[in-house]
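Colleague: Take a look at this one; I'll ask things after.
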Amino acid sequence: MAVNVFNRLASLGNTHALKWTLVLIAFLGVLWVGHPALALFVGATMSVALAPAVPAVVERGGKLCLKSAIVVLGFTLNVEALWQTSRDYSGLVVVFVACTLIAGLAIGRLMKVDDDQSRLLSTGTAICGGTAIVTLAPVIRARPESVAICIGIVFILNAIAILVLPWVGDQLNMTQDQFGVWVALAIHDTSSVVGAAAIFGDRALETATTVKLVRTLLLIPVVLVAGILLRRSETKLRIPAFLVLFVAASIAGTLLHPPVEVIGQVKAASRLLLIVALFFIGMEIRRSTIASLNGRAIWLSLLLWSILLPVTLFAAMSW
């Protein structure tokens, strides 16, 4: 009996070690290739195929790497250019967020989607995907299963976007600025916005990051209004720390005037952090994520996104 138990434990240990060996090999391969879309795809594939027990530190590490990549990128951006881009596109961002929220809630009502899921998906699509969903959830007192379903849908759509949108931008001969604005509006999560833009080019990455951070800031008034309308005491407002650090890094880079060689090394470091982040974020897409997807919620997301993709494309190319 004791021998059988020992053999089972040894077998489980060997299986666990094999899974993480394969994950490590895949991770090193992704770093060697250095392609953001591949990092997300391989991370998701490893998670779904092997279902390793991912420790919480890996998930936190992915988010930390993403925020670090954005902050480091800020050092390469001139603060005047940052301000100019924010000013040029802030009106478009505000209109986009407001129209997306209204359209999402209206379509959700017509399709008789669960109220929690309709609110979460509309806000996630309008502002910043999973971050918006997690921030709004306690304010509207959303059920945990609704949060899980909405985050799962957003993750899947982000994975599709980072693989497809750079190819579409290439086929349409979009400029770097046009593509940066498009993905900053059309893609839900910051990680996939930055990843898709990085594939297209450095200027697209700079534009997309700036416009996306303006869009992320609108989460503050949206959560505040939701809290007031629903009379919730759980409403908490705060500016993301990494956004403040991004602006501070941009100011530091502008004042220090680093040489071109240093700028190149900083951009390389930012890209490496992004690839690591996307691999870890991909590993958050699990079998349970796919299994939890809900029919009406999926159709709401697909319909809303299918409307937004061409509309934001037109706006980006004509603004």
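Ligands are numbered from 1 in the order shown, residues from 1 within each chain, and chains are lettered A, B, ... in the order they appear in the structure tokens.
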Can you list, as a PyMOL selection string, every residue of range 72-307 of chain A that DSSP puts in helix (DSSP H, G or I)?

Modeller: chain A and resi 72-74+79-110+115-126+129-140+144-171+176-186+190-200+202-217+219-230+241-256+260-282+287-291+295-307

Colleague: Report as a PyMOL selection string all protein, DNA and RNA residues lying within 12 Å of Ala277 in chain A, evaluated on only C-alpha atoms, omitting residues in the same chain fewer than 6 positions from it.

Modeller: chain A and resi 27+30-31+35-40+43+58-70+190-192+194-195+270-271+283-284

Colleague: If you count only C-alpha atoms, which residues fall within 7 Å of Ser250 in chain A, apart from same-chain ones fewer than 5 positions away, as a PyMOL selection string?

Modeller: chain A and resi 74-79

Colleague: For Thr131 in chain A, list every protein, DNA or RNA residue within 10 Å, evaluated using only C-alpha atoms, and leave out those in the same chain fewer than 3 positions away; present the list as a list in words.

Modeller: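 Everything that qualifies: Thr123, Gly124, Ile127, Cys128, Val134, Thr135, Leu136, Ile151, His188, Asp189, Thr190, Thr216 and Leu219 of chain A.
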
Colleague: Grab the residues selected above and save them as a tab-separated table (two decimals), in the first residue's frame with all heavy atoms.

Modeller:
chain	number	residue	atom	x	y	z
A	123	THR	N	-18.13	47.79	-20.65
A	123	THR	CA	-17.06	48.60	-20.07
A	123	THR	C	-15.69	48.08	-20.47
A	123	THR	O	-14.79	48.86	-20.80
A	123	THR	CB	-17.18	48.61	-18.54
A	123	THR	OG1	-18.50	49.03	-18.17
A	123	THR	CG2	-16.17	49.58	-17.92
A	124	GLY	N	-15.52	46.76	-20.48
A	124	GLY	CA	-14.25	46.17	-20.89
A	124	GLY	C	-13.92	46.48	-22.34
A	124	GLY	O	-12.76	46.78	-22.67
A	127	ILE	N	-13.12	50.44	-22.61
A	127	ILE	CA	-11.98	51.06	-21.93
A	127	ILE	C	-10.72	50.19	-21.94
A	127	ILE	O	-9.81	50.43	-22.70
A	127	ILE	CB	-12.35	51.48	-20.50
A	127	ILE	CG1	-13.56	52.41	-20.54
A	127	ILE	CG2	-11.19	52.18	-19.82
A	127	ILE	CD1	-14.08	52.85	-19.20
A	128	CYS	N	-10.65	49.19	-21.10
A	128	CYS	CA	-9.37	48.48	-20.99
A	128	CYS	C	-9.54	47.02	-20.59
A	128	CYS	O	-8.82	46.53	-19.71
A	128	CYS	CB	-8.42	49.19	-20.03
A	128	CYS	SG	-9.12	49.57	-18.42
A	134	VAL	N	-12.46	43.88	-13.88
A	134	VAL	CA	-12.12	43.62	-12.47
A	134	VAL	C	-12.40	44.84	-11.60
A	134	VAL	O	-12.83	44.71	-10.45
A	134	VAL	CB	-10.63	43.19	-12.36
A	134	VAL	CG1	-10.21	43.12	-10.90
A	134	VAL	CG2	-10.43	41.85	-13.02
A	135	THR	N	-12.18	46.04	-12.14
A	135	THR	CA	-12.41	47.27	-11.37
A	135	THR	C	-13.90	47.53	-11.17
A	135	THR	O	-14.33	47.95	-10.09
A	135	THR	CB	-11.77	48.47	-12.09
A	135	THR	OG1	-10.38	48.23	-12.27
A	135	THR	CG2	-11.95	49.76	-11.28
A	136	LEU	N	-14.69	47.28	-12.21
A	136	LEU	CA	-16.12	47.57	-12.13
A	136	LEU	C	-16.88	46.50	-11.35
A	136	LEU	O	-17.92	46.80	-10.74
A	136	LEU	CB	-16.70	47.68	-13.55
A	136	LEU	CG	-18.17	48.08	-13.66
A	136	LEU	CD1	-18.39	49.50	-13.14
A	136	LEU	CD2	-18.66	47.97	-15.10
A	151	ILE	N	-13.98	37.95	-18.58
A	151	ILE	CA	-12.52	38.00	-18.75
A	151	ILE	C	-12.07	36.96	-19.76
A	151	ILE	O	-11.19	37.22	-20.60
A	151	ILE	CB	-11.82	37.79	-17.39
A	151	ILE	CG1	-12.02	39.03	-16.50
A	151	ILE	CG2	-10.33	37.51	-17.59
A	151	ILE	CD1	-11.40	38.91	-15.14
A	188	HIS	N	-9.03	45.45	-26.68
A	188	HIS	CA	-9.48	45.65	-25.31
A	188	HIS	C	-8.33	45.95	-24.34
A	188	HIS	O	-8.25	47.04	-23.77
A	188	HIS	CB	-10.22	44.41	-24.81
A	188	HIS	CG	-11.36	43.98	-25.68
A	188	HIS	ND1	-11.18	43.45	-26.94
A	188	HIS	CD2	-12.70	43.98	-25.46
A	188	HIS	CE1	-12.36	43.17	-27.47
A	188	HIS	NE2	-13.29	43.46	-26.60
A	189	ASP	N	-7.46	44.97	-24.11
A	189	ASP	CA	-6.45	45.06	-23.06
A	189	ASP	C	-5.19	45.79	-23.51
A	189	ASP	O	-4.77	45.67	-24.67
A	189	ASP	CB	-6.04	43.66	-22.57
A	189	ASP	CG	-7.01	43.12	-21.52
A	189	ASP	OD1	-7.43	43.91	-20.67
A	189	ASP	OD2	-7.33	41.93	-21.56
A	190	THR	N	-4.56	46.48	-22.57
A	190	THR	CA	-3.33	47.21	-22.85
A	190	THR	C	-2.23	46.29	-23.38
A	190	THR	O	-1.49	46.65	-24.29
A	190	THR	CB	-2.83	47.92	-21.57
A	190	THR	OG1	-3.86	48.79	-21.08
A	190	THR	CG2	-1.58	48.74	-21.85
A	216	THR	N	-7.46	54.47	-20.95
A	216	THR	CA	-7.50	53.82	-19.63
A	216	THR	C	-7.92	54.79	-18.54
A	216	THR	O	-8.64	54.42	-17.61
A	216	THR	CB	-6.11	53.23	-19.30
A	216	THR	OG1	-5.77	52.26	-20.30
A	216	THR	CG2	-6.12	52.54	-17.94
A	219	LEU	N	-11.50	55.17	-17.28
A	219	LEU	CA	-12.10	54.21	-16.35
A	219	LEU	C	-12.51	54.90	-15.05
A	219	LEU	O	-13.49	54.51	-14.42
A	219	LEU	CB	-11.10	53.09	-16.06
A	219	LEU	CG	-11.56	51.98	-15.10
A	219	LEU	CD1	-12.78	51.27	-15.65
A	219	LEU	CD2	-10.43	50.97	-14.87

Colleague: Kindly give the distance, in Å, that separates CA of Val311 in chain A and CA of Gly91 in chain A, rounded to a single decimal.

Modeller: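 According to the coordinates, CA of Val311 in chain A and CA of Gly91 in chain A are separated by 15.4 Å.
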
Colleague: Which residues, written as a ChimeraX atom specification, have at least one atom at most 12 Å from range 220-229 of chain A, with only C-alpha atoms counted and residues fewer than 6 positions away on the same chain left out?

Modeller: /A:94,97-98,101-102,119-120,122-124,126-128,131-141,214,235-240

Colleague: Return the single residue from A:Leu82, A:Val147, A:Ala249, A:Leu278 that is closest to Ile162 in chain A, with distances computed using only C-alpha atoms.

Modeller: A:Leu278
